[in-house]
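Below: protein02.cif (mmCIF, C-alpha atoms (C1' of nucleotides))
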data_work
loop_
_atom_site.label_atom_id
_atom_site.label_comp_id
_atom_site.auth_asym_id
_atom_site.auth_seq_id
_atom_site.Cartn_x
_atom_site.Cartn_y
_atom_site.Cartn_z
CA MET R 1 -13.45 16.28 -11.65
CA ALA R 2 -16.46 14.75 -10.06
CA GLN R 3 -19.04 17.40 -9.34
CA LYS R 4 -21.23 16.56 -12.30
CA GLU R 5 -21.25 12.85 -11.58
CA THR R 6 -22.47 13.24 -8.01
CA CYS R 7 -25.99 13.52 -6.76
CA ASN R 8 -27.83 16.71 -5.90
CA CYS R 9 -28.98 15.87 -2.42
CA LEU R 10 -26.53 18.05 -0.45
CA HIS R 11 -27.82 17.46 3.02
CA LEU R 12 -25.02 19.65 4.23
CA PRO R 13 -25.79 23.28 4.87
CA LEU R 14 -23.19 25.37 3.10
CA GLU R 15 -21.80 26.78 6.33
CA THR R 16 -21.08 23.23 7.42
CA VAL R 17 -18.93 22.79 4.36
CA ASP R 18 -16.98 25.87 5.39
CA ASN R 19 -16.66 24.67 8.97
CA ILE R 20 -15.27 21.33 7.87
CA ARG R 21 -12.83 22.96 5.48
CA GLU R 22 -11.50 24.90 8.48
CA ILE R 23 -11.14 21.83 10.67
CA MET R 24 -9.44 19.85 7.91
CA PRO R 25 -5.62 19.97 8.09
CA PRO R 26 -3.86 21.34 5.02
CA GLU R 27 -3.33 19.06 2.04
CA ASP R 28 0.41 18.61 2.70
CA ALA R 29 -0.20 17.49 6.26
CA LEU R 30 -2.76 14.95 5.10
CA TYR R 31 -0.30 13.44 2.66
CA ASP R 32 2.44 13.33 5.27
CA LEU R 33 0.06 11.70 7.69
CA ALA R 34 -0.88 9.03 5.16
CA ASP R 35 2.81 8.41 4.48
CA PHE R 36 3.43 8.10 8.19
CA PHE R 37 0.76 5.44 8.62
CA LYS R 38 2.02 3.64 5.52
CA VAL R 39 5.06 2.68 7.58
CA PHE R 40 2.83 0.75 9.99
CA ALA R 41 0.86 -0.81 7.15
CA ASP R 42 3.23 -3.72 6.67
CA SER R 43 3.63 -6.66 9.03
CA THR R 44 7.36 -6.99 8.42
CA ARG R 45 7.98 -3.43 9.58
CA ILE R 46 5.70 -3.94 12.57
CA LYS R 47 7.67 -7.02 13.58
CA MET R 48 10.87 -5.03 13.26
CA LEU R 49 9.51 -2.32 15.53
CA TYR R 50 8.30 -4.81 18.13
CA THR R 51 11.74 -6.41 18.07
CA LEU R 52 13.43 -3.06 18.57
CA PHE R 53 11.19 -2.41 21.58
CA TYR R 54 13.31 -4.99 23.34
CA SER R 55 16.69 -3.48 22.52
CA GLU R 56 18.83 -2.01 19.79
CA MET R 57 19.85 -4.57 17.22
CA CYS R 58 22.07 -4.99 14.20
CA VAL R 59 20.81 -5.73 10.72
CA CYS R 60 21.74 -9.38 10.66
CA ASP R 61 20.20 -10.05 14.06
CA LEU R 62 16.95 -8.57 12.83
CA ALA R 63 17.18 -10.74 9.74
CA LEU R 64 17.74 -13.87 11.81
CA MET R 65 15.06 -12.88 14.31
CA LEU R 66 12.46 -12.46 11.58
CA SER R 67 13.78 -15.14 9.21
CA MET R 68 14.17 -12.69 6.38
CA SER R 69 16.97 -11.82 4.01
CA GLN R 70 19.54 -9.20 4.97
CA SER R 71 18.61 -7.20 1.89
CA ALA R 72 14.90 -7.12 2.68
CA ILE R 73 15.60 -5.99 6.24
CA SER R 74 18.05 -3.36 5.09
CA HIS R 75 15.55 -1.93 2.62
CA GLN R 76 12.89 -1.76 5.30
CA LEU R 77 15.24 -0.14 7.79
CA ARG R 78 15.84 2.52 5.19
CA THR R 79 12.10 3.18 5.07
CA LEU R 80 11.85 3.31 8.85
CA LYS R 81 14.79 5.67 9.03
CA GLN R 82 13.40 8.02 6.40
CA MET R 83 10.27 8.33 8.54
CA ASN R 84 12.38 8.98 11.65
CA LEU R 85 11.15 5.89 13.43
CA VAL R 86 14.61 4.43 13.94
CA ARG R 87 18.13 5.72 14.51
CA ASN R 88 21.39 3.91 13.84
CA ARG R 89 24.95 3.94 15.04
CA ARG R 90 27.95 2.20 13.55
CA GLU R 91 30.34 0.11 15.63
CA GLY R 92 33.02 -1.34 13.41
CA LYS R 93 31.42 -3.40 10.66
CA THR R 94 28.16 -3.55 12.52
CA VAL R 95 25.33 -1.02 12.40
CA PHE R 96 22.95 -0.99 15.32
CA TYR R 97 19.40 0.24 14.92
CA SER R 98 17.14 1.47 17.69
CA LEU R 99 13.78 3.15 18.07
CA ALA R 100 13.88 6.91 17.62
CA ASP R 101 10.70 7.70 19.42
CA ASP R 102 8.31 6.74 22.18
CA HIS R 103 5.18 7.60 20.23
CA ILE R 104 5.72 4.40 18.30
CA LYS R 105 4.84 2.04 21.10
CA SER R 106 1.67 3.91 22.00
CA ILE R 107 0.55 4.11 18.40
CA LEU R 108 0.98 0.37 17.96
CA ASN R 109 -0.76 -0.26 21.26
CA GLN R 110 -3.73 1.86 20.27
CA GLY R 111 -3.95 -0.05 17.02
CA MET R 112 -3.90 -3.30 18.95
CA GLU R 113 -6.71 -2.11 21.19
CA HIS R 114 -8.86 -1.46 18.17
CA ILE R 115 -8.07 -4.87 16.71
CA GLU R 116 -9.00 -6.71 19.89
CA GLU R 117 -12.69 -5.88 19.84
CA MET T 118 14.33 -18.97 3.47
CA ALA T 119 16.98 -16.58 4.57
CA GLN T 120 19.10 -18.11 7.27
CA LYS T 121 21.92 -19.07 4.92
CA GLU T 122 22.12 -15.66 3.32
CA THR T 123 22.50 -13.79 6.57
CA CYS T 124 25.66 -13.05 8.51
CA ASN T 125 26.98 -14.98 11.47
CA CYS T 126 27.43 -12.17 13.93
CA LEU T 127 24.42 -12.93 16.20
CA HIS T 128 25.02 -10.34 18.84
CA LEU T 129 21.84 -11.52 20.46
CA PRO T 130 22.14 -14.02 23.28
CA LEU T 131 19.79 -16.90 22.57
CA GLU T 132 17.64 -16.20 25.60
CA THR T 133 17.00 -12.74 24.19
CA VAL T 134 15.60 -14.33 21.06
CA ASP T 135 13.24 -16.32 23.24
CA ASN T 136 12.25 -13.23 25.23
CA ILE T 137 11.42 -11.31 22.09
CA ARG T 138 9.44 -14.20 20.67
CA GLU T 139 7.34 -14.05 23.83
CA ILE T 140 6.76 -10.30 23.64
CA MET T 141 5.90 -10.45 19.95
CA PRO T 142 2.13 -10.67 19.30
CA PRO T 143 0.99 -13.73 17.34
CA GLU T 144 1.34 -13.71 13.58
CA ASP T 145 -2.40 -13.22 12.98
CA ALA T 146 -2.51 -10.16 15.20
CA LEU T 147 0.45 -8.62 13.38
CA TYR T 148 -1.29 -9.05 10.04
CA ASP T 149 -4.52 -7.60 11.38
CA LEU T 150 -2.61 -4.68 12.83
CA ALA T 151 -0.93 -3.97 9.50
CA ASP T 152 -4.31 -4.15 7.78
CA PHE T 153 -5.71 -1.75 10.33
CA PHE T 154 -3.01 0.84 9.70
CA LYS T 155 -3.40 0.36 5.95
CA VAL T 156 -6.74 2.10 6.29
CA PHE T 157 -4.97 5.24 7.50
CA ALA T 158 -2.32 4.96 4.81
CA ASP T 159 -4.33 6.83 2.18
CA SER T 160 -5.04 10.54 2.20
CA THR T 161 -8.53 10.14 0.71
CA ARG T 162 -9.63 7.93 3.57
CA ILE T 163 -8.02 10.28 6.09
CA LYS T 164 -9.98 13.18 4.62
CA MET T 165 -13.15 11.15 4.86
CA LEU T 166 -12.50 10.41 8.52
CA TYR T 167 -11.74 14.05 9.31
CA THR T 168 -14.98 15.01 7.58
CA LEU T 169 -16.95 12.48 9.59
CA PHE T 170 -15.49 13.92 12.79
CA TYR T 171 -17.80 16.84 12.17
CA SER T 172 -21.00 14.86 11.71
CA GLU T 173 -22.53 11.88 9.98
CA MET T 174 -22.80 12.34 6.26
CA CYS T 175 -24.27 10.70 3.18
CA VAL T 176 -22.22 9.34 0.31
CA CYS T 177 -22.88 12.17 -2.11
CA ASP T 178 -22.10 14.85 0.47
CA LEU T 179 -18.75 13.21 1.11
CA ALA T 180 -18.13 13.09 -2.64
CA LEU T 181 -18.94 16.78 -3.00
CA MET T 182 -16.96 17.70 0.09
CA LEU T 183 -13.83 15.97 -1.20
CA SER T 184 -14.43 16.61 -4.91
CA MET T 185 -14.33 12.94 -5.73
CA SER T 186 -16.58 10.59 -7.67
CA GLN T 187 -19.44 8.85 -5.93
CA SER T 188 -17.94 5.53 -6.94
CA ALA T 189 -14.55 6.21 -5.43
CA ILE T 190 -16.11 7.36 -2.17
CA SER T 191 -18.40 4.36 -2.04
CA HIS T 192 -15.51 1.95 -2.56
CA GLN T 193 -13.53 3.65 0.19
CA LEU T 194 -16.49 3.62 2.58
CA ARG T 195 -16.65 -0.11 2.00
CA THR T 196 -13.03 -0.39 3.11
CA LEU T 197 -13.66 1.76 6.16
CA LYS T 198 -16.70 -0.28 7.07
CA GLN T 199 -14.89 -3.60 6.73
CA MET T 200 -12.36 -2.32 9.25
CA ASN T 201 -15.15 -1.18 11.57
CA LEU T 202 -14.16 2.45 11.41
CA VAL T 203 -17.56 3.64 10.19
CA ARG T 204 -21.19 2.62 10.62
CA ASN T 205 -24.07 3.40 8.33
CA ARG T 206 -27.82 3.77 8.53
CA ARG T 207 -30.29 4.04 5.68
CA GLU T 208 -32.94 6.72 5.53
CA GLY T 209 -34.96 6.35 2.38
CA LYS T 210 -32.69 6.53 -0.61
CA THR T 211 -29.92 8.02 1.43
CA VAL T 212 -27.28 6.16 3.45
CA PHE T 213 -25.62 8.07 6.23
CA TYR T 214 -22.16 7.14 7.42
CA SER T 215 -20.65 8.01 10.79
CA LEU T 216 -17.57 7.16 12.82
CA ALA T 217 -17.84 3.88 14.68
CA ASP T 218 -15.21 4.59 17.24
CA ASP T 219 -13.44 7.19 19.31
CA HIS T 220 -10.03 5.60 18.99
CA ILE T 221 -9.87 6.97 15.49
CA LYS T 222 -9.49 10.59 16.45
CA SER T 223 -6.74 9.88 18.95
CA ILE T 224 -4.85 7.68 16.52
CA LEU T 225 -4.91 10.40 13.87
CA ASN T 226 -3.91 12.98 16.45
CA GLN T 227 -0.96 10.93 17.58
CA GLY T 228 0.12 10.54 13.99
CA MET T 229 -0.12 14.30 13.55
CA GLU T 230 2.02 14.87 16.62
CA HIS T 231 4.75 12.73 15.16
CA ILE T 232 4.57 14.53 11.82
CA GLU T 233 4.90 17.96 13.39
CA GLU T 234 8.44 17.50 14.65
"C1'" DC S 235 -44.94 -0.65 -13.54
"C1'" DT S 236 -41.92 3.10 -14.91
"C1'" DT S 237 -38.84 6.67 -13.95
"C1'" DA S 238 -35.60 9.19 -11.20
"C1'" DT S 239 -32.33 9.29 -7.60
"C1'" DA S 240 -28.83 7.42 -4.21
"C1'" DT S 241 -25.76 3.93 -3.43
"C1'" DA S 242 -23.13 -0.43 -4.36
"C1'" DT S 243 -20.26 -3.34 -7.06
"C1'" DG S 244 -17.60 -5.70 -10.88
"C1'" DT S 245 -13.94 -5.00 -14.18
"C1'" DA S 246 -9.96 -2.94 -15.90
"C1'" DC S 247 -5.87 -0.30 -15.70
"C1'" DG S 248 -1.96 2.46 -14.20
"C1'" DT S 249 0.78 2.99 -10.13
"C1'" DC S 250 2.93 1.78 -5.94
"C1'" DT S 251 5.17 -1.76 -2.85
"C1'" DG S 252 8.00 -5.38 -0.98
"C1'" DC S 253 10.87 -8.80 -2.12
"C1'" DT S 254 14.81 -11.11 -4.69
"C1'" DC S 255 19.05 -11.04 -6.99
"C1'" DA S 256 23.24 -8.98 -8.09
"C1'" DT S 257 26.48 -5.79 -6.81
"C1'" DA S 258 28.54 -1.78 -4.44
"C1'" DT S 259 30.23 0.39 -0.19
"C1'" DG S 260 32.42 0.37 4.19
"C1'" DT S 261 35.17 -1.75 7.86
"C1'" DT S 262 38.47 -5.06 9.98
"C1'" DC S 263 42.27 -7.92 9.97
"C1'" DA S 264 46.10 -10.34 8.07
"C1'" DT N 265 46.81 -4.28 -0.30
"C1'" DG N 266 43.68 -7.97 -0.43
"C1'" DA N 267 40.40 -11.14 1.67
"C1'" DA N 268 36.37 -11.59 4.63
"C1'" DC N 269 32.42 -9.85 6.62
"C1'" DA N 270 28.36 -6.49 7.51
"C1'" DT N 271 25.53 -3.44 5.36
"C1'" DA N 272 23.52 -0.59 1.54
"C1'" DT N 273 21.62 0.01 -2.91
"C1'" DG N 274 19.97 -0.48 -7.80
"C1'" DA N 275 17.10 -3.11 -11.10
"C1'" DG N 276 13.39 -5.98 -11.99
"C1'" DC N 277 9.22 -8.46 -11.09
"C1'" DA N 278 4.81 -10.15 -8.99
"C1'" DG N 279 1.14 -8.72 -6.30
"C1'" DA N 280 -1.64 -5.10 -3.97
"C1'" DC N 281 -4.00 -0.66 -4.26
"C1'" DG N 282 -6.94 3.41 -5.76
"C1'" DT N 283 -9.61 5.12 -9.22
"C1'" DA N 284 -12.59 5.40 -13.51
"C1'" DC N 285 -16.16 3.45 -16.04
"C1'" DA N 286 -20.10 0.81 -16.66
"C1'" DT N 287 -23.77 -1.27 -14.54
"C1'" DA N 288 -26.61 -3.33 -10.80
"C1'" DT N 289 -29.44 -2.72 -6.63
"C1'" DA N 290 -32.55 -0.17 -3.61
"C1'" DT N 291 -35.92 3.19 -2.48
"C1'" DA N 292 -39.36 6.82 -3.56
"C1'" DA N 293 -42.66 9.10 -6.39
"C1'" DG N 294 -45.86 9.32 -10.13
#

Rewrite the structure of this file - the entire thing - as structure tokens.
Amino acid sequence: MAQKETCNCLHLPLETVDNIREIMPPEDALYDLADFFKVFADSTRIKMLYTLFYSEMCVCDLALMLSMSQSAISHQLRTLKQMNLVRNRREGKTVFYSLADDHIKSILNQGMEHIEE
Amino acid sequence: MAQKETCNCLHLPLETVDNIREIMPPEDALYDLADFFKVFADSTRIKMLYTLFYSEMCVCDLALMLSMSQSAISHQLRTLKQMNLVRNRREGKTVFYSLADDHIKSILNQGMEHIEE
DNA sequence: CTTATATATGTACGTCTGCTCATATGTTCA
DNA sequence: TGAACATATGAGCAGACGTACATATATAAG
């Protein structure tokens, strides 16, 4: 698609190109990785995760906590669930959501470290 | 905006609400954090970062390496630079880009760990 | 100064995203 | 069964995003 539009400088030795192609994860993994980080790329979802650090919580409590509509929260919880970041359990009419994973906190913390520089 | 639309269940004791509000980072930080993760939320940029793990590289080499147009790569490098993920140095006509930080590798690795489950 | 090369940037456009609004589903209680 | 409540979901829209295309800037060489 682009080869002809690019320059000719090629400072890379050809073996380097091969080396990098070996290090590079497969295409599928790269897409999945991007999708994974997409979940953290929205402040509403980040707030939801921080809130769930404290304890499990039902949909309406999250909505009240973040001053957002029940529908918006529910849609976002769906996203978080599809990425396996939250679990849920039903108790009568109420559905409680909780964090599915401990990676989450450390990933957010590492992000914070980078921000605070 | 939403209070009236939400339910009345409030399983949260009010002191819990206060506790969470204390734990929650300030609004600005949450936005910055989301913006930070947005950088990782695109497979092109992830490929660029993986490539730069190997060594510094000029714009056209990155374009060739990833089979993308010089313009697209240049725009993305701008994004990466604004988020302080890459540095650059000029050498004649050529501009070399390199990773600005070691957090980056560990953040991508942690993301990968979560994916591979 | 002119030309060639490497990079940067402005504009435009199709696509994706997050929210709202309306409505459906699921559960409890009378 | 029907009303009330909690949650889920579909459609639609405004704004953000990634890329292509055209063009500007910067450096080197002649």

Both chains have the same sequence, so superpose chain T on chain R over all Cα atoms paired in order and return it as a compact mmCIF listing (two decimals) with C-alpha atoms, in the frame of the given file.
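Written output follows (part-v6.txt):
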# COMPACT_ATOMS: atom_id res chain seq x y z
CA MET T 118 -13.35 16.20 -11.72
CA ALA T 119 -16.35 14.74 -10.03
CA GLN T 120 -18.89 17.41 -9.31
CA LYS T 121 -21.05 16.58 -12.32
CA GLU T 122 -21.14 12.88 -11.58
CA THR T 123 -22.36 13.29 -8.03
CA CYS T 124 -25.92 13.61 -6.79
CA ASN T 125 -27.71 16.82 -5.93
CA CYS T 126 -28.89 15.99 -2.46
CA LEU T 127 -26.41 18.17 -0.49
CA HIS T 128 -27.76 17.62 2.96
CA LEU T 129 -24.94 19.77 4.21
CA PRO T 130 -25.67 23.42 4.84
CA LEU T 131 -23.02 25.48 3.09
CA GLU T 132 -21.64 26.88 6.33
CA THR T 133 -20.96 23.32 7.43
CA VAL T 134 -18.80 22.84 4.37
CA ASP T 135 -16.84 25.90 5.40
CA ASN T 136 -16.54 24.68 8.99
CA ILE T 137 -15.18 21.34 7.88
CA ARG T 138 -12.73 22.96 5.50
CA GLU T 139 -11.39 24.87 8.50
CA ILE T 140 -11.06 21.80 10.70
CA MET T 141 -9.40 19.79 7.95
CA PRO T 142 -5.57 19.86 8.14
CA PRO T 143 -3.81 21.23 5.06
CA GLU T 144 -3.33 18.96 2.08
CA ASP T 145 0.41 18.48 2.73
CA ALA T 146 -0.20 17.36 6.29
CA LEU T 147 -2.79 14.83 5.15
CA TYR T 148 -0.33 13.31 2.69
CA ASP T 149 2.41 13.19 5.30
CA LEU T 150 0.02 11.57 7.73
CA ALA T 151 -0.93 8.90 5.21
CA ASP T 152 2.75 8.27 4.51
CA PHE T 153 3.37 7.97 8.22
CA PHE T 154 0.70 5.32 8.68
CA LYS T 155 1.94 3.50 5.58
CA VAL T 156 4.98 2.56 7.61
CA PHE T 157 2.77 0.63 10.02
CA ALA T 158 0.80 -0.94 7.19
CA ASP T 159 3.20 -3.85 6.71
CA SER T 160 3.61 -6.76 9.08
CA THR T 161 7.37 -7.06 8.46
CA ARG T 162 7.97 -3.51 9.60
CA ILE T 163 5.68 -4.02 12.59
CA LYS T 164 7.70 -7.07 13.61
CA MET T 165 10.87 -5.06 13.28
CA LEU T 166 9.49 -2.35 15.53
CA TYR T 167 8.31 -4.85 18.14
CA THR T 168 11.77 -6.40 18.08
CA LEU T 169 13.43 -3.04 18.57
CA PHE T 170 11.20 -2.40 21.58
CA TYR T 171 13.37 -4.94 23.34
CA SER T 172 16.73 -3.39 22.51
CA GLU T 173 18.82 -1.91 19.74
CA MET T 174 19.87 -4.47 17.19
CA CYS T 175 22.09 -4.88 14.16
CA VAL T 176 20.83 -5.64 10.68
CA CYS T 177 21.80 -9.30 10.63
CA ASP T 178 20.28 -9.97 14.05
CA LEU T 179 17.00 -8.53 12.83
CA ALA T 180 17.23 -10.70 9.73
CA LEU T 181 17.82 -13.81 11.82
CA MET T 182 15.15 -12.86 14.32
CA LEU T 183 12.52 -12.47 11.61
CA SER T 184 13.87 -15.15 9.25
CA MET T 185 14.22 -12.70 6.41
CA SER T 186 17.01 -11.80 4.01
CA GLN T 187 19.53 -9.16 4.95
CA SER T 188 18.54 -7.21 1.86
CA ALA T 189 14.86 -7.11 2.69
CA ILE T 190 15.58 -5.98 6.24
CA SER T 191 17.99 -3.33 5.06
CA HIS T 192 15.47 -1.93 2.59
CA GLN T 193 12.82 -1.80 5.30
CA LEU T 194 15.17 -0.14 7.78
CA ARG T 195 15.73 2.52 5.15
CA THR T 196 11.98 3.13 5.05
CA LEU T 197 11.77 3.27 8.82
CA LYS T 198 14.68 5.67 8.98
CA GLN T 199 13.23 7.99 6.35
CA MET T 200 10.12 8.28 8.51
CA ASN T 201 12.24 8.95 11.59
CA LEU T 202 11.05 5.87 13.41
CA VAL T 203 14.54 4.45 13.92
CA ARG T 204 18.05 5.79 14.44
CA ASN T 205 21.30 4.02 13.76
CA ARG T 206 24.88 4.12 14.96
CA ARG T 207 27.89 2.39 13.46
CA GLU T 208 30.30 0.35 15.51
CA GLY T 209 32.99 -1.07 13.30
CA LYS T 210 31.42 -3.16 10.60
CA THR T 211 28.17 -3.35 12.45
CA VAL T 212 25.29 -0.86 12.33
CA PHE T 213 22.93 -0.86 15.25
CA TYR T 214 19.37 0.34 14.86
CA SER T 215 17.09 1.53 17.65
CA LEU T 216 13.71 3.19 18.04
CA ALA T 217 13.81 6.94 17.59
CA ASP T 218 10.63 7.70 19.42
CA ASP T 219 8.27 6.71 22.18
CA HIS T 220 5.14 7.54 20.24
CA ILE T 221 5.65 4.35 18.31
CA LYS T 222 4.81 2.00 21.12
CA SER T 223 1.63 3.85 22.03
CA ILE T 224 0.49 4.03 18.42
CA LEU T 225 0.93 0.28 18.00
CA ASN T 226 -0.80 -0.33 21.31
CA GLN T 227 -3.77 1.76 20.32
CA GLY T 228 -4.00 -0.14 17.07
CA MET T 229 -3.94 -3.39 19.02
CA GLU T 230 -6.74 -2.19 21.26
CA HIS T 231 -8.92 -1.54 18.26
CA ILE T 232 -8.14 -4.95 16.79
CA GLU T 233 -9.06 -6.79 19.97
CA GLU T 234 -12.74 -5.94 19.89

| Expected selection from the PyMOL selection byres ((chain N) within 9 of (chain R)), given as an NGL selection string | :N and (269-273)

| note | Of T:Ser223, T:Met174, T:Gly228, T:Asn136, the one nearest to Val39 (chain R) when counting all atoms listed in the file is T:Gly228

| task | Determine, counting only C-alpha atoms (C1' of nucleotides), which protein, DNA and RNA residues have an atom within 9 Å of an atom of Asn88 (chain R); residues of the same chain fewer than 3 positions away are not included. Present the result as a PyMOL selection string. | result | chain R and resi 56+58+81+95-100

With 7 Å as the cut-off and only C-alpha atoms counted, what is the closest atom pair between each nearby residue of chain T and chain R? Distances in Å to one decimal, ordered by chain and number, as JSON lines.
{"residue": "T:Met118", "atom": "CA", "partner": "R:Ser67", "partner_atom": "CA", "distance": 6.9}
{"residue": "T:Ala119", "atom": "CA", "partner": "R:Ser69", "partner_atom": "CA", "distance": 4.8}
{"residue": "T:Gln120", "atom": "CA", "partner": "R:Leu64", "partner_atom": "CA", "distance": 6.4}
{"residue": "T:Glu122", "atom": "CA", "partner": "R:Ser69", "partner_atom": "CA", "distance": 6.5}
{"residue": "T:Thr123", "atom": "CA", "partner": "R:Gln70", "partner_atom": "CA", "distance": 5.7}
{"residue": "T:Cys124", "atom": "CA", "partner": "R:Cys60", "partner_atom": "CA", "distance": 5.8}
{"residue": "T:Leu127", "atom": "CA", "partner": "R:Asp61", "partner_atom": "CA", "distance": 5.5}
{"residue": "T:His128", "atom": "CA", "partner": "R:Asp61", "partner_atom": "CA", "distance": 6.8}
{"residue": "T:Leu129", "atom": "CA", "partner": "R:Asp61", "partner_atom": "CA", "distance": 6.8}
{"residue": "T:Val134", "atom": "CA", "partner": "R:Met65", "partner_atom": "CA", "distance": 6.9}
{"residue": "T:Ile137", "atom": "CA", "partner": "R:Thr51", "partner_atom": "CA", "distance": 6.3}
{"residue": "T:Met141", "atom": "CA", "partner": "R:Tyr50", "partner_atom": "CA", "distance": 6.4}
{"residue": "T:Leu147", "atom": "CA", "partner": "R:Ser43", "partner_atom": "CA", "distance": 5.7}
{"residue": "T:Tyr148", "atom": "CA", "partner": "R:Ser43", "partner_atom": "CA", "distance": 5.6}
{"residue": "T:Asp149", "atom": "CA", "partner": "R:Ile115", "partner_atom": "CA", "distance": 7.0}
{"residue": "T:Leu150", "atom": "CA", "partner": "R:Gly111", "partner_atom": "CA", "distance": 6.4}
{"residue": "T:Ala151", "atom": "CA", "partner": "R:Ala41", "partner_atom": "CA", "distance": 4.3}
{"residue": "T:Asp152", "atom": "CA", "partner": "R:Ala41", "partner_atom": "CA", "distance": 6.2}
{"residue": "T:Phe154", "atom": "CA", "partner": "R:Ala41", "partner_atom": "CA", "distance": 4.9}
{"residue": "T:Lys155", "atom": "CA", "partner": "R:Ala41", "partner_atom": "CA", "distance": 4.6}
{"residue": "T:Phe157", "atom": "CA", "partner": "R:Phe37", "partner_atom": "CA", "distance": 5.8}
{"residue": "T:Ala158", "atom": "CA", "partner": "R:Ala34", "partner_atom": "CA", "distance": 4.3}
{"residue": "T:Asp159", "atom": "CA", "partner": "R:Ala34", "partner_atom": "CA", "distance": 5.1}
{"residue": "T:Ser160", "atom": "CA", "partner": "R:Ala34", "partner_atom": "CA", "distance": 5.3}
{"residue": "T:Tyr167", "atom": "CA", "partner": "R:Met24", "partner_atom": "CA", "distance": 6.4}
{"residue": "T:Thr168", "atom": "CA", "partner": "R:Ile20", "partner_atom": "CA", "distance": 6.3}
{"residue": "T:Tyr171", "atom": "CA", "partner": "R:Ile20", "partner_atom": "CA", "distance": 6.7}
{"residue": "T:Cys177", "atom": "CA", "partner": "R:Cys7", "partner_atom": "CA", "distance": 5.8}
{"residue": "T:Asp178", "atom": "CA", "partner": "R:Leu10", "partner_atom": "CA", "distance": 5.5}
{"residue": "T:Ala180", "atom": "CA", "partner": "R:Thr6", "partner_atom": "CA", "distance": 6.9}
{"residue": "T:Leu181", "atom": "CA", "partner": "R:Gln3", "partner_atom": "CA", "distance": 6.4}
{"residue": "T:Met182", "atom": "CA", "partner": "R:Val17", "partner_atom": "CA", "distance": 6.9}
{"residue": "T:Ser184", "atom": "CA", "partner": "R:Ala2", "partner_atom": "CA", "distance": 5.8}
{"residue": "T:Met185", "atom": "CA", "partner": "R:Ala2", "partner_atom": "CA", "distance": 5.2}
{"residue": "T:Ser186", "atom": "CA", "partner": "R:Ala2", "partner_atom": "CA", "distance": 4.8}
{"residue": "T:Gln187", "atom": "CA", "partner": "R:Thr6", "partner_atom": "CA", "distance": 5.7}
{"residue": "T:Ile224", "atom": "CA", "partner": "R:Ile107", "partner_atom": "CA", "distance": 6.7}
{"residue": "T:Gly228", "atom": "CA", "partner": "R:Leu33", "partner_atom": "CA", "distance": 6.4}
{"residue": "T:Met229", "atom": "CA", "partner": "R:Leu33", "partner_atom": "CA", "distance": 6.4}
{"residue": "T:Ile232", "atom": "CA", "partner": "R:Leu33", "partner_atom": "CA", "distance": 6.7}

| Expected answer as a count of residues only: chain S residues within 10 Å of chain T, all atoms listed in the file | 5

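Going from C1' of DC281 (chain N) over to CA of Thr79 (chain R), you cover 19.0 Å.
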
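Each of T:Val203, T:Gln193, T:Pro130, T:Lys222 was compared to DG282 (chain N) using only C-alpha atoms (C1' of nucleotides), and T:Gln193 turns out to be the nearest.
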
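Here CA of Gln199 (chain T) is placed at a distance of 17.1 Å from C1' of DA280 (chain N).
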
Coordinates of box centre and edge lengths for region 166-170 of chain T, 3 Å on every side, axis-aligned, as JSON:
{"center_x": -14.3, "center_y": 12.7, "center_z": 10.2, "size_x": 11.2, "size_y": 10.6, "size_z": 11.2}

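The two atoms in question, C1' of DT254 (chain S) and CA of Arg89 (chain R), are spaced 26.8 Å apart.
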
| said: Residue by residue, what does the PyMOL selection byres ((chain S and resi 237) around 9) grab here? Present the result as a VMD selection string. | reply: (chain S and resid 236 238) or (chain N and resid 293 to 294)

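Here the selection is built from only C-alpha atoms (C1' of nucleotides), and the residues within 10 Å of (22.9, -2.3, -6.2) turn out to be DC255, DA256, DT257, DA258 and DT259 of chain S; DA272, DT273, DG274 and DA275 of chain N.
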
| message | Given the PyMOL selection byres ((chain N and resi 268) around 9) and the file above, list the residues it selects as a list in words. | response | DT262 and DC263 of chain S; DA267 and DC269 of chain N

Please produce a file of those selected residues containing C-alpha atoms (C1' of nucleotides), as a short mmCIF file (atom, residue, chain, number, x, y, z; two decimals), keeping the file's coordinate frame.
data_model
loop_
_atom_site.label_atom_id
_atom_site.label_comp_id
_atom_site.auth_asym_id
_atom_site.auth_seq_id
_atom_site.Cartn_x
_atom_site.Cartn_y
_atom_site.Cartn_z
"C1'" DT S 262 38.47 -5.06 9.98
"C1'" DC S 263 42.27 -7.92 9.97
"C1'" DA N 267 40.40 -11.14 1.67
"C1'" DC N 269 32.42 -9.85 6.62
#

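A search radius of 10 Å centred on (-15.3, -0.4, -17.2), applied to all atoms listed in the file, returns the residues DG244, DT245, DA246 and DC247 of chain S; DA284, DC285, DA286 and DT287 of chain N.
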